[in-house]
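Visitor: Okay, handing you the structure first.
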Amino acid sequence: MILTIVLATLLVGMTAALIRAIKGPTVYDRILASNALGTKTILVIVVLGFLMGDPSLYIDIALMYVLIGFIGTVAVLKVSEFGDLGQSRSRTEEDHS
Amino acid sequence: MKAPLTLVIVLAGTWILLSGHWSFFLLSLGVASVVITVLCGVRLKIVDKESVPVHLLPGLIRYTPWLIGQIIQSSLHVARRVLSPKLPISPTIIHIDTQQTDALNSVSYANSITLTPGTISLDVGKDQIEVHALTSESAESLKSGLMAKQVRKMEGVR
Amino acid sequence: MSTAIEILGGALLITGAFFVLIGATGLLRLPDILTRIHGASITDTLGAGAILLGLAMTAGWSLLTGKLLALLILMALLNPSASHALARAAVHGIRKPWLEKEDS
């Protein structure tokens with residue numbers, strides 16, 4: 001019963017993050033919204049695991065989701081800041097010199 | 001010698017935690033993975049005080065409950081500000097001294113600042129941290145230097 | 001004894017759900033990106049922490065508890081790094097944060 005309430009609350013929070021992602025107004029708001037959405041997704045996965053009765057399976061997925069979500073946020077930030085993921089750094093330096 | 005041993009314990013614990021099987025075959029695979037990882041790390045000379053900060057452990061055990069208390073306190077503070085209808089916030093950017101001795105402690109200080117709701121570290125310099133605070137109260141409580149003192153205590157400097 | 005722990009776990013779950021709602025409210029109501037990060041960080045720390053601890057208490061003592069704690073520690077280490085990177089990029093990107101007063 002409590003788990004269902006927590007799940008519903010998390011879905012409301014995800015809706016709020018989605019609204020923020022749609023409204024913007026800057027790209028950073030959207031990245032923040034996707035980060036918050038990722039945090040709530042992890043919690044939804046874990047709570048859903050307990051609700052379905054096989055939590056150890058779902059927690060492994062949640063552990064992977066934490067790591068991938070962090071890398072994803074940093075990668076999107078880096079692309080929005082520098083325009084690439086850093087591979088072509090040496091080439092641009094050669095262009096400038 | 002302390003660092004590789006700690007690394008073995010941590011890696012073995014992680015393996016058992018993530019696998020959860022106790023059969024001989026899977027455990028021997030785990031032992032092989034741990035030994036190969038630690039040997040590679042030692043040969044690369046990256047297993048030292050900084051990558052395996054075992055000397056911080058006693059201080060960390062004392063520091064974590066204090067940090068959790070601080071997080072709850074400032075969460076309630078920010079929650080009250082967010083929920084009140086007039087939205088009484090006063091965002092400020094302040095510069096504070098890190099007062100730490102090396103990079104590891106500066107990083108743990110900046111991480112603690114960001115972990116506490118109401119304050120975010122924007123830029124971490126050699127001896128100053130730029131902090132964005134949601135309210136002037138959280139900025140004041142950071143300026144009082146209590147958290148810096150606790151982090152210094154964690155690293156064991158009196 | 002086990003019932004007391006289960007009641008405490010349920011209370012923690014409800015508290016965590018409440019703080020998730022507060023974080024969502026902050027994400028929607030606050031006026032500017034840097035202040036919104038503060039709102040979202042409530043969800044990341046206290047909301048997630050309370051929900052995961054509550055789940056660990058209701059589940060009982062097993063390997064699952066360790067996994068939940070590992071999840072909690074990972075989130076506590078990674079989320080501040082992500083918020084710091086985001087705040088730093090936002091300060092450089094938007095040029096003019098919404099401030100009440102300048103640096104004193």
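We label chains A, B, ... in the order they appear in the structure tokens, count residues from 1 in each chain, and number ligands from 1 in the order shown.
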Using only C-alpha atoms, what does the table of chain B residues within 12 Å of chain A look like, with each row giving the shortest atom pair and its distance in Å to one decimal, sorted by chain and ascending number, as CSV?
Guide:
residue,atom,partner,partner_atom,distance
B:Leu17,CA,A:Asp60,CA,10.5
B:Leu18,CA,A:Asp60,CA,7.7
B:Ser19,CA,A:Asp60,CA,9.8
B:Gly20,CA,A:Ser56,CA,9.7
Visitor: What are the residues of chain B lining chain C at 7 Å or less? Count only C-alpha atoms, and put the answer as a list in words.
Guide: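 Every residue meeting the condition is included here: Leu17, Ile72, Ser75, Ala79, Val82, Ser90, Pro91, Thr92, Ile93, Ile94, Asn111, Thr114, Leu115, Pro117, Gly118, Ile120, Ser121, Leu122, Asp123 and Leu134 of chain B.
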Visitor: Could you give me, as a Markdown table, a per-residue list for chain C showing, wherever an atom lies at most 6 Å from an atom of chain A, the closest pair of atoms and their distance in Å to one decimal, using only C-alpha atoms and sorting by chain then residue number from low to high?
Guide:
| residue | atom | partner | partner_atom | distance |
| --- | --- | --- | --- | --- |
| C:Ala17 | CA | A:Val6 | CA | 5.5 |
| C:Leu21 | CA | A:Gly13 | CA | 5.9 |
| C:Ala24 | CA | A:Gly13 | CA | 5.2 |
| C:Ile33 | CA | A:Asp29 | CA | 5.9 |
| C:Leu71 | CA | A:Leu63 | CA | 6.0 |
Visitor: Produce a file of the selected residues containing N, CA and C atoms, as a CSV table (one decimal), in the first residue's frame.
Guide:
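Contents of selection.csv, as written:
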chain,number,residue,atom,x,y,z
C,17,ALA,N,8.8,10.3,0.0
C,17,ALA,CA,7.9,10.7,-1.1
C,17,ALA,C,7.5,12.2,-0.9
C,21,LEU,N,8.2,15.3,-3.6
C,21,LEU,CA,7.2,16.3,-4.1
C,21,LEU,C,7.7,17.7,-3.9
C,24,ALA,N,10.1,18.5,-6.6
C,24,ALA,CA,9.4,18.8,-7.9
C,24,ALA,C,8.8,20.2,-7.9
C,33,ILE,N,17.8,29.1,-13.2
C,33,ILE,CA,18.4,27.7,-13.3
C,33,ILE,C,19.2,27.4,-12.1
C,71,LEU,N,23.8,1.6,-3.6
C,71,LEU,CA,23.1,2.6,-4.5
C,71,LEU,C,23.1,3.9,-3.9
Visitor: Write out as an mmCIF file with N, CA and C atoms, in the first residue's frame each polymer residue whose atoms come within 7 Å of segment 54-71 of chain B, counting only C-alpha atoms; drop sequence neighbours fewer than 5 positions from it.
Guide:
data_model
loop_
_atom_site.group_PDB
_atom_site.id
_atom_site.type_symbol
_atom_site.label_atom_id
_atom_site.label_comp_id
_atom_site.auth_asym_id
_atom_site.auth_seq_id
_atom_site.Cartn_x
_atom_site.Cartn_y
_atom_site.Cartn_z
ATOM 1 N N ALA B 3 47.544 0.112 1.435
ATOM 2 C CA ALA B 3 46.596 0.462 0.379
ATOM 3 C C ALA B 3 46.191 -0.745 -0.477
ATOM 4 N N THR B 116 24.864 19.407 0.373
ATOM 5 C CA THR B 116 23.919 20.063 1.268
ATOM 6 C C THR B 116 22.969 20.920 0.437
ATOM 7 N N PRO B 117 21.670 20.706 0.502
ATOM 8 C CA PRO B 117 20.753 21.526 -0.281
ATOM 9 C C PRO B 117 20.846 22.985 0.159
ATOM 10 N N MET B 154 38.118 15.702 9.912
ATOM 11 C CA MET B 154 38.045 14.386 9.285
ATOM 12 C C MET B 154 39.402 13.943 8.776
ATOM 13 N N GLU B 155 40.178 14.892 8.204
ATOM 14 C CA GLU B 155 41.493 14.508 7.682
ATOM 15 C C GLU B 155 42.523 14.338 8.793
ATOM 16 N N GLY B 156 42.131 14.704 10.025
ATOM 17 C CA GLY B 156 43.021 14.438 11.133
ATOM 18 C C GLY B 156 43.970 15.570 11.481
#
Visitor: Once DSSP has gone over the backbone, tell me which residues of chain C are in alpha helix (DSSP H), as a VMD selection string.
Guide: chain C and resid 2 to 29 33 to 42 48 to 59 63 to 94
Visitor: Considering only C-alpha atoms, return as a ChimeraX atom specification whatever protein or nucleic-acid residues lie within 12 Å of Leu7 of chain B, sequence-local ones (same chain, fewer than 5 positions apart) excluded.
Guide: /B:1-2,12-14,34-39,41-42,46-49,51-54
Visitor: What separation in Å, quoted to one decimal, exists between atom CA of Val124 of chain B and atom CA of His77 of chain B?
Guide: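 These atoms are spaced 25.0 Å apart.
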Visitor: So how far away is atom CA of Arg81 of chain B from atom CA of Glu137 of chain B, in Å?
Guide: 11.2 Å
